[in-house]
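Shown below: run.txt, with compact mmCIF, C-alpha atoms and all ligand atoms.
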```txt
# COMPACT_ATOMS: atom_id res chain seq x y z
CA MET A 869 19.89 12.63 1.96
CA PRO A 870 21.71 9.80 0.17
CA SER A 871 19.29 7.64 -1.75
CA SER A 872 20.21 4.45 0.14
CA ARG A 873 19.44 6.23 3.43
CA LEU A 874 16.17 7.58 2.03
CA ASN A 875 15.18 4.12 0.79
CA SER A 876 15.77 2.47 4.14
CA LEU A 877 13.97 5.28 5.94
CA ILE A 878 10.90 4.87 3.72
CA LEU A 879 11.01 1.09 3.99
CA ALA A 880 11.20 1.32 7.77
CA LEU A 881 8.33 3.80 8.03
CA PRO A 882 5.12 2.00 9.01
CA LYS A 883 2.71 2.68 6.17
CA ALA A 884 -0.97 2.30 5.32
CA GLU A 885 -2.36 2.57 1.83
CA LEU A 886 -5.92 3.72 1.25
CA HIS A 887 -6.09 4.00 -2.53
CA VAL A 888 -5.00 0.96 -4.47
CA HIS A 889 -7.00 -1.07 -6.98
CA LEU A 890 -7.02 -4.83 -6.81
CA GLU A 891 -7.30 -5.38 -10.55
CA GLY A 892 -4.74 -2.68 -11.31
CA SER A 893 -2.24 -4.26 -8.95
CA MET A 894 -1.80 -7.41 -10.99
CA GLN A 895 1.88 -7.89 -11.73
CA PRO A 896 2.71 -8.38 -15.46
CA LYS A 897 3.72 -11.99 -14.89
CA THR A 898 0.42 -12.74 -13.14
CA LEU A 899 -1.51 -11.00 -15.89
CA LEU A 900 0.22 -13.19 -18.48
CA LEU A 901 -0.31 -16.33 -16.40
CA LEU A 902 -4.03 -15.69 -15.94
CA ALA A 903 -4.46 -14.73 -19.61
CA GLU A 904 -2.90 -18.00 -20.65
CA ARG A 905 -4.78 -20.06 -18.08
CA ASN A 906 -8.12 -18.51 -19.02
CA GLY A 907 -7.52 -18.41 -22.78
CA ILE A 908 -7.52 -14.61 -23.15
CA ASP A 909 -5.55 -12.97 -25.94
CA LEU A 910 -3.87 -9.87 -24.52
CA GLY A 911 -2.06 -9.07 -27.74
CA CYS A 912 1.29 -9.43 -26.02
CA ALA A 913 3.27 -12.48 -24.97
CA ASP A 914 5.82 -11.31 -22.44
CA GLU A 915 6.39 -8.86 -19.60
CA GLU A 916 8.08 -6.42 -21.95
CA GLY A 917 4.94 -6.45 -24.10
CA VAL A 918 2.76 -5.78 -21.02
CA ARG A 919 4.96 -2.83 -20.06
CA ALA A 920 4.67 -1.44 -23.61
CA MET A 921 0.88 -1.80 -23.35
CA TYR A 922 0.97 0.31 -20.15
CA ARG A 923 2.07 3.48 -21.97
CA TYR A 924 -1.04 5.61 -21.91
CA ARG A 925 -1.96 8.35 -24.32
CA ASP A 926 -4.52 9.87 -21.97
CA PHE A 927 -7.11 9.05 -19.30
CA PRO A 928 -9.70 7.42 -21.66
CA HIS A 929 -6.91 5.24 -23.09
CA PHE A 930 -5.98 4.18 -19.56
CA LEU A 931 -9.61 3.25 -18.79
CA ALA A 932 -9.86 1.25 -22.04
CA LEU A 933 -6.75 -0.70 -21.09
CA TYR A 934 -8.17 -1.33 -17.66
CA GLY A 935 -10.99 -3.21 -19.40
CA THR A 936 -8.50 -5.43 -21.27
CA LEU A 937 -6.64 -6.15 -18.08
CA THR A 938 -9.69 -7.12 -16.03
CA SER A 939 -10.82 -9.55 -18.74
CA VAL A 940 -8.22 -12.12 -17.57
CA LEU A 941 -9.95 -12.55 -14.21
CA ARG A 942 -12.43 -15.38 -14.70
CA ARG A 943 -12.59 -17.63 -11.68
CA PRO A 944 -12.88 -17.00 -7.93
CA GLU A 945 -9.37 -18.39 -7.39
CA ASP A 946 -8.00 -15.71 -9.73
CA PHE A 947 -9.25 -13.09 -7.29
CA GLN A 948 -7.82 -14.98 -4.35
CA LEU A 949 -4.44 -15.12 -6.10
CA ILE A 950 -4.24 -11.41 -6.90
CA THR A 951 -5.45 -10.42 -3.41
CA HIS A 952 -2.77 -12.60 -1.85
CA GLU A 953 -0.08 -11.20 -4.16
CA LEU A 954 -1.09 -7.62 -3.38
CA GLY A 955 -0.94 -8.22 0.39
CA MET A 956 2.40 -9.99 0.24
CA GLU A 957 3.89 -7.22 -1.89
CA ALA A 958 2.58 -4.65 0.62
CA ALA A 959 4.34 -6.53 3.45
CA ARG A 960 7.61 -6.43 1.53
CA GLN A 961 7.27 -2.65 1.38
CA GLY A 962 6.58 -2.22 5.09
CA THR A 963 2.87 -1.50 4.59
CA ARG A 964 0.79 -2.64 7.56
CA TYR A 965 -2.73 -1.87 6.37
CA LEU A 966 -4.47 -1.69 3.01
CA GLU A 967 -7.87 -0.51 1.82
CA VAL A 968 -8.27 -2.06 -1.58
CA THR A 969 -10.75 -0.93 -4.21
CA PHE A 970 -12.18 -3.41 -6.69
CA SER A 971 -14.99 -3.24 -9.25
CA PRO A 972 -17.39 -6.17 -8.77
CA ALA A 973 -19.83 -4.99 -11.45
CA THR A 974 -17.10 -5.18 -14.09
CA HIS A 975 -16.78 -8.91 -13.48
CA TYR A 976 -20.46 -9.58 -12.91
CA ARG A 977 -21.77 -7.54 -15.84
CA ASN A 978 -19.12 -8.45 -18.41
CA LYS A 979 -18.29 -12.01 -17.42
CA SER A 980 -21.21 -13.20 -15.25
CA ILE A 981 -18.94 -13.92 -12.29
CA ALA A 982 -20.96 -14.49 -9.10
CA VAL A 983 -20.19 -11.59 -6.78
CA ASP A 984 -20.63 -13.68 -3.65
CA GLU A 985 -17.99 -16.18 -4.80
CA MET A 986 -15.69 -13.34 -5.85
CA MET A 987 -15.97 -11.70 -2.43
CA ASP A 988 -15.41 -15.00 -0.63
CA ALA A 989 -12.26 -15.58 -2.67
CA ILE A 990 -10.98 -12.06 -1.98
CA ALA A 991 -11.67 -12.48 1.75
CA GLU A 992 -9.81 -15.81 1.73
CA GLY A 993 -6.83 -14.17 0.03
CA ALA A 994 -6.84 -11.42 2.66
CA GLN A 995 -7.11 -13.91 5.50
CA ALA A 996 -4.06 -15.79 4.19
CA VAL A 997 -2.14 -12.50 4.01
CA LEU A 998 -3.07 -11.67 7.59
CA GLN A 999 -1.93 -15.06 8.80
CA GLU A 1000 1.28 -15.14 6.79
CA VAL A 1001 2.54 -11.57 7.11
CA GLY A 1002 0.21 -9.76 9.52
CA VAL A 1003 -0.99 -7.18 6.97
CA GLU A 1004 -4.65 -6.22 7.43
CA MET A 1005 -6.73 -5.70 4.30
CA ARG A 1006 -10.16 -4.10 3.91
CA PHE A 1007 -12.13 -3.57 0.72
CA ILE A 1008 -14.01 -0.86 -1.17
CA PRO A 1009 -16.18 -2.16 -4.02
CA ASP A 1010 -16.56 0.75 -6.41
CA HIS A 1011 -19.31 1.62 -8.84
CA VAL A 1012 -18.06 2.24 -12.37
CA ARG A 1013 -19.84 5.42 -13.45
CA GLU A 1014 -20.34 4.25 -17.04
CA TYR A 1015 -22.57 1.39 -15.86
CA GLY A 1016 -25.40 3.69 -14.79
CA GLN A 1017 -27.57 4.10 -11.72
CA GLU A 1018 -28.95 0.59 -11.55
CA PHE A 1019 -25.49 -0.92 -11.11
CA CYS A 1020 -24.65 1.66 -8.48
CA GLN A 1021 -27.55 0.42 -6.35
CA LEU A 1022 -26.46 -3.19 -6.94
CA THR A 1023 -22.88 -2.38 -5.93
CA ALA A 1024 -24.18 -0.59 -2.83
CA GLU A 1025 -26.08 -3.76 -1.87
CA TRP A 1026 -22.99 -5.91 -2.48
CA CYS A 1027 -21.08 -3.58 -0.16
CA VAL A 1028 -23.53 -4.12 2.68
CA GLN A 1029 -23.59 -7.89 2.06
CA GLY A 1030 -19.79 -7.93 2.04
CA ARG A 1031 -19.41 -6.25 5.40
CA ASP A 1032 -18.56 -9.56 7.09
CA ARG A 1033 -15.85 -10.09 4.47
CA GLY A 1034 -14.00 -6.85 5.09
CA VAL A 1035 -15.96 -4.34 3.00
CA VAL A 1036 -15.73 -0.89 4.58
CA ALA A 1037 -17.17 1.56 2.01
CA LEU A 1038 -18.78 2.13 -1.35
CA GLY A 1039 -16.41 3.65 -3.91
CA LEU A 1040 -17.06 5.46 -7.18
CA GLY A 1041 -14.71 5.20 -10.15
CA GLY A 1042 -14.63 5.21 -13.95
CA GLY A 1043 -14.93 8.19 -16.29
CA GLU A 1044 -15.71 11.31 -14.27
CA GLN A 1045 -16.47 13.56 -17.23
CA GLY A 1046 -20.21 14.23 -17.41
CA ARG A 1047 -20.94 11.72 -14.63
CA PRO A 1048 -20.85 13.54 -11.27
CA ALA A 1049 -21.45 11.65 -8.02
CA SER A 1050 -24.89 13.30 -7.70
CA LEU A 1051 -26.09 11.17 -10.61
CA PHE A 1052 -25.99 8.25 -8.17
CA ALA A 1053 -27.50 10.07 -5.19
CA ASP A 1054 -30.18 7.45 -4.44
CA ALA A 1055 -27.73 4.56 -4.11
CA ILE A 1056 -25.27 6.70 -2.14
CA HIS A 1057 -27.93 7.79 0.33
CA TRP A 1058 -29.14 4.20 0.60
CA VAL A 1059 -25.69 2.81 1.44
CA GLN A 1060 -25.06 5.60 3.93
CA ALA A 1061 -28.36 4.81 5.62
CA GLN A 1062 -26.95 1.30 6.16
CA GLY A 1063 -24.05 2.88 8.04
CA MET A 1064 -21.51 2.45 5.25
CA PRO A 1065 -19.35 5.39 4.14
CA PHE A 1066 -19.04 6.62 0.56
CA VAL A 1067 -15.51 7.27 -0.72
CA PRO A 1068 -15.55 8.51 -4.33
CA HIS A 1069 -12.87 9.30 -6.87
CA ALA A 1070 -13.29 12.98 -7.77
CA GLY A 1071 -11.22 15.93 -8.93
CA GLU A 1072 -8.95 13.72 -11.03
CA ALA A 1073 -10.11 14.05 -14.66
CA VAL A 1074 -12.61 16.80 -13.74
CA GLY A 1075 -11.85 20.06 -11.96
CA PRO A 1076 -13.05 21.44 -8.60
CA GLU A 1077 -16.71 21.14 -9.61
CA GLY A 1078 -16.37 17.33 -9.46
CA VAL A 1079 -15.10 17.56 -5.88
CA TRP A 1080 -17.79 20.05 -4.85
CA ASP A 1081 -20.42 17.72 -6.27
CA ALA A 1082 -19.05 14.72 -4.34
CA LEU A 1083 -18.82 16.75 -1.11
CA GLN A 1084 -22.59 17.04 -0.82
CA PHE A 1085 -22.47 13.41 0.38
CA ASN A 1086 -19.99 14.21 3.18
CA PRO A 1087 -17.37 11.65 2.22
CA PRO A 1088 -14.60 11.21 4.79
CA ARG A 1089 -12.06 11.00 1.96
CA ILE A 1090 -11.78 11.80 -1.72
CA GLY A 1091 -9.87 9.60 -4.16
CA HIS A 1092 -7.29 11.86 -5.84
CA GLY A 1093 -9.04 15.24 -5.41
CA VAL A 1094 -5.88 17.01 -6.54
CA ARG A 1095 -7.71 19.39 -8.86
CA ALA A 1096 -9.31 20.91 -5.76
CA ALA A 1097 -6.13 22.99 -5.73
CA GLU A 1098 -7.61 25.08 -8.56
CA ASP A 1099 -10.23 26.53 -6.20
CA PRO A 1100 -8.99 28.32 -3.04
CA GLU A 1101 -12.46 28.22 -1.50
CA LEU A 1102 -12.56 24.45 -1.95
CA VAL A 1103 -9.09 24.09 -0.43
CA ASP A 1104 -10.30 26.02 2.63
CA TYR A 1105 -13.38 23.82 2.84
CA LEU A 1106 -11.31 20.61 2.72
CA CYS A 1107 -9.11 21.94 5.53
CA GLU A 1108 -12.02 23.09 7.65
CA LYS A 1109 -13.94 19.82 7.31
CA ARG A 1110 -10.77 17.74 7.64
CA ILE A 1111 -11.52 15.79 4.48
CA VAL A 1112 -8.62 13.57 3.50
CA LEU A 1113 -7.31 13.37 -0.06
CA GLU A 1114 -5.89 10.09 -1.35
CA VAL A 1115 -3.18 11.50 -3.59
CA CYS A 1116 -1.54 9.22 -6.16
CA PRO A 1117 1.21 11.40 -7.66
CA THR A 1118 2.69 9.09 -10.30
CA SER A 1119 -0.77 8.01 -11.45
CA ASN A 1120 -1.66 11.66 -12.14
CA ILE A 1121 1.42 12.12 -14.29
CA ARG A 1122 1.02 8.84 -16.18
CA THR A 1123 -2.66 9.32 -16.99
CA GLY A 1124 -1.97 12.91 -18.04
CA CYS A 1125 -4.34 14.38 -15.41
CA VAL A 1126 -1.41 16.56 -14.35
CA ALA A 1127 0.99 17.63 -17.09
CA SER A 1128 4.28 17.60 -15.16
CA TRP A 1129 5.81 17.29 -11.70
CA ASN A 1130 6.18 21.08 -11.62
CA GLU A 1131 2.47 21.49 -12.06
CA HIS A 1132 1.46 18.82 -9.58
CA PRO A 1133 -0.38 20.51 -6.68
CA LEU A 1134 0.74 18.10 -3.92
CA ARG A 1135 3.02 20.63 -2.26
CA ARG A 1136 0.50 23.48 -2.52
CA LEU A 1137 -2.26 21.38 -0.97
CA TRP A 1138 0.09 20.26 1.80
CA ASP A 1139 1.24 23.80 2.56
CA ALA A 1140 -2.38 24.94 2.63
CA GLY A 1141 -3.04 22.40 5.39
CA VAL A 1142 -5.15 19.82 3.52
CA LEU A 1143 -4.90 16.36 5.07
CA LEU A 1144 -3.10 14.26 2.49
CA THR A 1145 -2.17 10.63 2.11
CA ILE A 1146 0.15 9.08 -0.46
CA ASN A 1147 -0.95 6.12 -2.55
CA SER A 1148 0.04 4.08 -5.58
CA ASP A 1149 -3.38 3.59 -7.31
CA ASP A 1150 -2.49 0.89 -9.90
CA PRO A 1151 1.19 0.31 -9.16
CA PRO A 1152 2.40 -2.01 -11.97
CA MET A 1153 0.30 -0.13 -14.51
CA PHE A 1154 2.09 3.09 -13.56
CA ASN A 1155 5.43 1.39 -13.00
CA THR A 1156 5.45 2.49 -9.38
CA THR A 1157 5.21 1.19 -5.81
CA LEU A 1158 4.11 2.81 -2.57
CA LEU A 1159 7.81 3.14 -1.68
CA ASP A 1160 8.32 5.04 -4.96
CA GLU A 1161 5.42 7.37 -4.14
CA TYR A 1162 6.96 8.26 -0.75
CA ARG A 1163 10.28 8.77 -2.52
CA VAL A 1164 8.62 11.12 -5.01
CA ALA A 1165 7.25 13.19 -2.11
CA VAL A 1166 10.87 13.82 -1.11
CA THR A 1167 12.56 14.11 -4.49
CA GLN A 1168 9.85 16.09 -6.33
CA PHE A 1169 8.17 17.98 -3.50
CA GLY A 1170 10.86 18.44 -0.87
CA PHE A 1171 9.11 16.57 1.94
CA THR A 1172 11.17 15.88 5.06
CA ALA A 1173 11.38 12.67 7.07
CA ASP A 1174 8.87 14.16 9.53
CA ASP A 1175 6.52 15.05 6.68
CA LEU A 1176 6.64 11.42 5.52
CA ALA A 1177 5.73 10.28 9.01
CA ARG A 1178 2.80 12.71 9.02
CA LEU A 1179 1.65 11.41 5.63
CA SER A 1180 1.68 7.84 6.87
CA MET A 1181 -0.05 8.79 10.13
CA ASN A 1182 -2.75 10.60 8.11
CA ALA A 1183 -3.42 7.30 6.34
CA ALA A 1184 -3.67 5.34 9.60
CA ARG A 1185 -6.04 7.94 11.08
CA ALA A 1186 -8.18 8.10 7.93
CA SER A 1187 -8.61 4.34 7.70
CA LEU A 1188 -12.17 3.07 7.83
CA LEU A 1189 -11.49 0.48 10.53
CA PRO A 1190 -13.75 0.46 13.59
CA ALA A 1191 -12.56 3.11 16.08
CA GLU A 1192 -10.85 0.70 18.43
CA LYS A 1193 -8.92 -1.10 15.68
CA ARG A 1194 -8.00 2.21 14.10
CA GLU A 1195 -6.58 3.41 17.41
CA GLN A 1196 -4.50 0.23 17.63
CA LEU A 1197 -3.13 0.91 14.16
CA VAL A 1198 -2.31 4.51 15.08
CA GLU A 1199 -0.51 3.31 18.22
CA THR A 1200 1.49 0.78 16.21
CA PHE A 1201 2.54 3.58 13.88
CA LYS A 1202 3.55 5.80 16.80
CA ARG A 1203 5.74 3.03 18.22
CA GLY A 1204 7.29 2.59 14.77
CA TYR A 1205 8.19 6.30 14.62
CA LYS A 1206 9.71 6.20 18.10
CA ARG A 1207 11.95 3.30 17.15
CA ARG A 1208 12.85 5.06 13.94
CA SER A 1209 13.80 8.31 15.64
CA ALA A 1210 15.73 6.45 18.33
CA ARG A 1211 17.64 4.79 15.55
CA MET A 1212 18.21 8.07 13.71
CA ASP A 1213 19.53 9.63 16.93
CA CYS A 1214 21.98 6.85 17.63
CA PRO A 1215 25.61 8.07 17.33
CA CYS A 1216 26.30 4.94 15.30
CA GLN A 1217 24.43 6.65 12.50
CA ARG A 1218 26.99 9.41 12.41
CA ALA A 1219 30.16 7.53 13.18
CA SER A 1220 32.04 5.30 10.82
CA SER A 1221 32.39 2.75 13.60
CA PRO A 1222 29.79 1.94 16.25
CA CYS A 1223 29.76 3.92 19.46
CA ARG A 1224 31.12 2.31 22.61
CA ASP A 1225 27.71 1.92 24.19
CA HIS A 1226 26.57 -0.13 21.31
CA GLN A 1227 29.77 -2.00 20.68
CA SER A 1228 29.28 -5.37 22.20
CA ASP A 1229 30.98 -8.65 21.97
CA LYS A 1230 27.78 -10.28 22.90
CA SER A 1231 25.47 -11.77 20.39
CA ILE A 1232 21.80 -11.17 20.72
CA LEU A 1233 19.57 -13.90 19.61
CA LEU A 1234 16.26 -12.98 18.07
CA HIS A 1235 13.75 -15.46 16.91
CA LEU A 1236 12.45 -13.86 13.77
CA THR A 1237 9.61 -15.09 11.71
CA PRO A 1238 10.38 -14.29 8.11
CA ILE A 1239 6.93 -13.05 7.36
CA ALA A 1240 7.74 -11.31 4.15
CA LEU A 1241 11.02 -12.69 3.03
CA SER A 1242 11.41 -14.48 -0.20
CA THR A 1243 14.38 -15.47 -2.27
CA SER A 1244 14.10 -12.20 -4.14
CA CYS A 1245 14.17 -10.18 -0.94
CA ASN A 1246 17.05 -7.78 -0.56
CA ILE A 1247 18.72 -8.93 2.58
CA GLY A 1248 22.15 -10.35 3.06
CA VAL A 1249 24.50 -11.61 5.69
CA GLY A 1250 26.70 -8.75 6.66
CA SER A 1251 25.90 -6.93 3.46
CA GLU A 1252 24.02 -3.77 2.69
CA ILE A 1253 20.39 -3.63 1.76
CA GLY A 1254 20.34 -3.95 -1.98
CA THR A 1255 22.39 -7.12 -2.17
CA PRO A 1256 20.21 -9.87 -3.53
CA PHE A 1257 20.10 -12.77 -1.21
CA SER A 1258 18.92 -16.25 -1.75
CA SER A 1259 19.36 -18.85 0.85
CA PRO A 1260 17.97 -22.16 1.91
CA TYR A 1261 17.74 -20.58 5.38
CA LEU A 1262 14.71 -18.57 4.40
CA ALA A 1263 12.26 -21.38 4.07
CA PRO A 1264 12.16 -22.77 7.62
CA ILE A 1265 10.45 -20.93 10.41
CA PRO A 1266 11.53 -19.64 12.86
CA LEU A 1267 14.48 -17.92 11.43
CA ILE A 1268 17.12 -17.20 14.02
CA VAL A 1269 19.17 -14.11 13.54
CA LEU A 1270 22.33 -13.42 15.45
CA ILE A 1271 23.22 -9.82 15.68
CA GLY A 1272 26.54 -9.01 17.21
CA ARG A 1273 30.22 -9.54 16.90
CA GLY A 1274 30.47 -12.62 19.04
CA GLU A 1275 30.92 -15.96 17.41
CA PRO A 1276 27.80 -18.08 17.54
CA THR A 1277 28.03 -20.71 20.23
CA PRO A 1278 28.18 -24.33 19.10
CA TYR A 1279 24.45 -24.61 19.74
CA PHE A 1280 23.70 -21.83 17.31
CA GLN A 1281 26.28 -23.02 14.85
CA SER A 1282 24.42 -26.29 14.76
CA CYS A 1283 21.10 -24.51 14.11
CA LYS A 1284 20.23 -24.79 10.50
CA ASN A 1285 18.08 -21.70 10.50
CA THR A 1286 20.66 -19.26 11.70
CA LEU A 1287 21.72 -16.15 9.91
CA SER A 1288 24.56 -14.24 11.46
CA PHE A 1289 24.57 -10.54 10.81
CA SER A 1290 27.91 -8.86 11.04
CA SER A 1291 26.45 -5.66 12.41
CA THR A 1292 27.60 -4.77 15.89
CA CYS A 1293 24.39 -3.00 16.68
CA VAL A 1294 21.15 -4.22 18.09
CA PRO A 1295 17.94 -2.80 16.70
CA SER A 1296 16.19 -2.73 20.06
CA MET A 1297 18.92 -0.37 21.26
CA GLY A 1298 18.17 2.05 18.51
CA CYS A 1299 20.94 1.10 16.16
CA SER A 1300 20.88 0.46 12.52
CA SER A 1301 21.44 -2.98 11.22
CA ILE A 1302 20.11 -4.86 8.30
CA ALA A 1303 17.97 -7.02 10.50
CA GLY A 1304 16.93 -3.89 12.34
CA GLU A 1305 15.75 -2.27 9.13
CA TYR A 1306 13.66 -5.29 8.37
CA LEU A 1307 12.34 -5.43 11.89
CA LEU A 1308 11.27 -1.83 11.70
CA ALA A 1309 9.80 -2.32 8.28
CA GLY A 1310 7.68 -5.12 9.61
CA ALA A 1311 9.23 -7.47 7.09
CA VAL A 1312 10.28 -9.76 9.90
CA ARG A 1313 8.68 -10.06 13.28
CA PRO A 1314 10.38 -11.14 16.47
CA SER A 1315 8.51 -13.83 18.32
CA ALA A 1316 10.10 -12.41 21.43
CA SER A 1317 12.15 -9.25 21.65
CA ALA A 1318 15.50 -10.69 22.62
CA ILE A 1319 15.39 -14.32 23.51
CA ALA A 1320 18.86 -14.92 24.83
CA ARG A 1321 22.20 -13.34 25.17
CA THR A 1322 25.14 -15.61 24.64
ZN ZN B 1 -8.08 5.03 -8.28
```
Let me see the structure of the file written as structure tokens.
Ligand SMILES: [Zn+2]
Amino acid sequence: MPSSRLNSLILALPKAELHVHLEGSMQPKTLLLLAERNGIDLGCADEEGVRAMYRYRDFPHFLALYGTLTSVLRRPEDFQLITHELGMEAARQGTRYLEVTFSPATHYRNKSIAVDEMMDAIAEGAQAVLQEVGVEMRFIPDHVREYGQEFCQLTAEWCVQGRDRGVVALGLGGGEQGRPASLFADAIHWVQAQGMPFVPHAGEAVGPEGVWDALQFNPPRIGHGVRAAEDPELVDYLCEKRIVLEVCPTSNIRTGCVASWNEHPLRRLWDAGVLLTINSDDPPMFNTTLLDEYRVAVTQFGFTADDLARLSMNAARASLLPAEKREQLVETFKRGYKRRSARMDCPCQRASSPCRDHQSDKSILLHLTPIALSTSCNIGVGSEIGTPFSSPYLAPIPLIVLIGRGEPTPYFQSCKNTLSFSSTCVPSMGCSSIAGEYLLAGAVRPSASAIART
């Protein structure tokens, strides 16, 4: 598949991400901004320096750097900012739902930040994202294993208190070596008794024994879990119990948990029938995005377009939303796949010129709300995806997009917020167009399907 086709297919696929860290999602420019604002010396002054800092020797080195990075977060508004940035970036990638891990104890213990204020700020950031781009965010405060049992209980209590602000589970992160989940059994049992699931990292730095240990708490999902592949009995168990793994391929390579793409067990686990999802973990720190991770599934592991759809559906089904909301998400994904396959089946995809059915002199007017467009967004008038576009048209809402060959009528010509796409195809008819790609990706949303034909 040509890479441009693969890119637009992945962008258009409705996606959910279940394993991404709030602190590890800070973009280099935000990291530098917060460091400067809060008077923290990072030891580097520009984005190039941040990228150089992100070259890890091994897993302990990565964890040490994580500490440096989190030190820039000082005030509640810092958390609001990075939550908002993460949600907006997700929208640009066609992600509809996020479960975001963060480590409250790191900020409370090391910097005396009030957890209540931090959670309020995060919830406000998420609310703004929902209003602006329609992406839903939920949160998983994780216990950092190094902090000991007392902090695990405290984090469990914060989780329960944060339920009204989108907290859906207790997580477990940090250095796995010598610190199995069972060390924190009391807090885990306590949080579960409050009706809150436990979703630990396991089987990342430690082998199958780390996963077996975590499984005694019946987690619905395991963060990473890739080293389960070393134990056939464990692989069978994961399949039988339908436990979902949150696989973060690039993260595993960058932290050195897996030595090379050839050795990465993603394909073996998939072929064995384990329920897998694809995630980005700490995207800027690993120089990746969720789109890149889906791309890797194709380029490194030979996944097909249908496999990618199954991966993304696994994530929607494994979300920790209440049953009714989860079903809604699953239905949204199904509709997204239908539109995608209709589009893939359209003869226009195979012909150099549009088919007669879809060749129309009529313009279709769509009122589109540019929910995730910015001046850096890759969209252009009559151009291919990939052409940088900046336009004064993007600021006002609603954005009106004309799709079709017909000349805009004088009314539309007089509309300031009109973009005319040169494509002859209409996305609702299953054709490919730039606007259609963005519609399918959820980057723009029609306020009505087709408002008027001219
Ligand atoms: Zn993680």
So, counting only C-alpha atoms, which residue among A:Glu957, A:Glu1004, A:Glu1114, A:Asp1139 is closest to A:Asn1182? A:Glu1114
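Minimum atom-to-atom distance to ligand ZN 1 (chain B), evaluated using all atoms listed in the file, belongs to A:Phe970 out of A:Phe1007, A:Phe970, A:Phe1201, A:Tyr924.
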Select from chain A every residue with an atom at most 12 Å from any atom of ligand ZN 1 (chain B), then for each give the shortest pair of atoms and their distance in Å to one decimal, using all atoms listed in the file, rows by chain and rising number, as a Markdown table.
```
| residue | atom | partner | partner_atom | distance |
| --- | --- | --- | --- | --- |
| A:Glu885 | CA | B:ZN1 | ZN | 11.9 |
| A:Leu886 | CA | B:ZN1 | ZN | 9.9 |
| A:His887 | CA | B:ZN1 | ZN | 6.2 |
| A:Val888 | CA | B:ZN1 | ZN | 6.4 |
| A:His889 | CA | B:ZN1 | ZN | 6.3 |
| A:Leu890 | CA | B:ZN1 | ZN | 10.0 |
| A:Glu891 | CA | B:ZN1 | ZN | 10.7 |
| A:Gly892 | CA | B:ZN1 | ZN | 8.9 |
| A:Ser893 | CA | B:ZN1 | ZN | 11.0 |
| A:Phe927 | CA | B:ZN1 | ZN | 11.8 |
| A:Phe930 | CA | B:ZN1 | ZN | 11.5 |
| A:Leu931 | CA | B:ZN1 | ZN | 10.8 |
| A:Tyr934 | CA | B:ZN1 | ZN | 11.3 |
| A:Glu967 | CA | B:ZN1 | ZN | 11.5 |
| A:Val968 | CA | B:ZN1 | ZN | 9.8 |
| A:Thr969 | CA | B:ZN1 | ZN | 7.7 |
| A:Phe970 | CA | B:ZN1 | ZN | 9.5 |
| A:Ser971 | CA | B:ZN1 | ZN | 10.8 |
| A:Ile1008 | CA | B:ZN1 | ZN | 11.0 |
| A:Pro1009 | CA | B:ZN1 | ZN | 11.6 |
| A:Asp1010 | CA | B:ZN1 | ZN | 9.7 |
| A:His1011 | CA | B:ZN1 | ZN | 11.7 |
| A:Val1012 | CA | B:ZN1 | ZN | 11.1 |
| A:Gly1039 | CA | B:ZN1 | ZN | 9.5 |
| A:Leu1040 | CA | B:ZN1 | ZN | 9.1 |
| A:Gly1041 | CA | B:ZN1 | ZN | 6.9 |
| A:Gly1042 | CA | B:ZN1 | ZN | 8.7 |
| A:Gly1043 | CA | B:ZN1 | ZN | 11.0 |
| A:Glu1044 | CA | B:ZN1 | ZN | 11.6 |
| A:Val1067 | CA | B:ZN1 | ZN | 10.8 |
| A:Pro1068 | CA | B:ZN1 | ZN | 9.1 |
| A:His1069 | CA | B:ZN1 | ZN | 6.6 |
| A:Ala1070 | CA | B:ZN1 | ZN | 9.5 |
| A:Gly1071 | CA | B:ZN1 | ZN | 11.4 |
| A:Glu1072 | CA | B:ZN1 | ZN | 9.2 |
| A:Ala1073 | CA | B:ZN1 | ZN | 11.2 |
| A:Ile1090 | CA | B:ZN1 | ZN | 10.1 |
| A:Gly1091 | CA | B:ZN1 | ZN | 6.4 |
| A:His1092 | CA | B:ZN1 | ZN | 7.3 |
| A:Gly1093 | CA | B:ZN1 | ZN | 10.6 |
| A:Leu1113 | CA | B:ZN1 | ZN | 11.7 |
| A:Glu1114 | CA | B:ZN1 | ZN | 8.9 |
| A:Val1115 | CA | B:ZN1 | ZN | 9.4 |
| A:Cys1116 | CA | B:ZN1 | ZN | 8.1 |
| A:Pro1117 | CA | B:ZN1 | ZN | 11.3 |
| A:Thr1118 | CA | B:ZN1 | ZN | 11.7 |
| A:Ser1119 | CA | B:ZN1 | ZN | 8.5 |
| A:Asn1120 | CA | B:ZN1 | ZN | 10.0 |
| A:Thr1123 | CA | B:ZN1 | ZN | 11.1 |
| A:Asn1147 | CA | B:ZN1 | ZN | 9.2 |
| A:Ser1148 | CA | B:ZN1 | ZN | 8.6 |
| A:Asp1149 | CA | B:ZN1 | ZN | 5.0 |
| A:Asp1150 | CA | B:ZN1 | ZN | 7.1 |
| A:Pro1151 | CA | B:ZN1 | ZN | 10.4 |
| A:Met1153 | CA | B:ZN1 | ZN | 11.6 |
| A:Phe1154 | CA | B:ZN1 | ZN | 11.6 |
```
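Closest approach to A:Lys1202 among A:Ala913, A:Met1064, A:Ala1082, A:Leu881: A:Leu881, based on only C-alpha atoms.
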I want to know what sits within 7 Å of stretch 995-1002 of chain A, based on only C-alpha atoms, with residues of the same chain fewer than 2 positions away left out; could you give that as a ChimeraX atom specification? /A:952,955-956,959,991-993,1004,1239-1240
What is the distance between atom CA of A:Lys897 and atom CA of A:Val1003, in Å to one decimal?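 Calculated distance between atom CA of A:Lys897 and atom CA of A:Val1003 is 22.9 Å.
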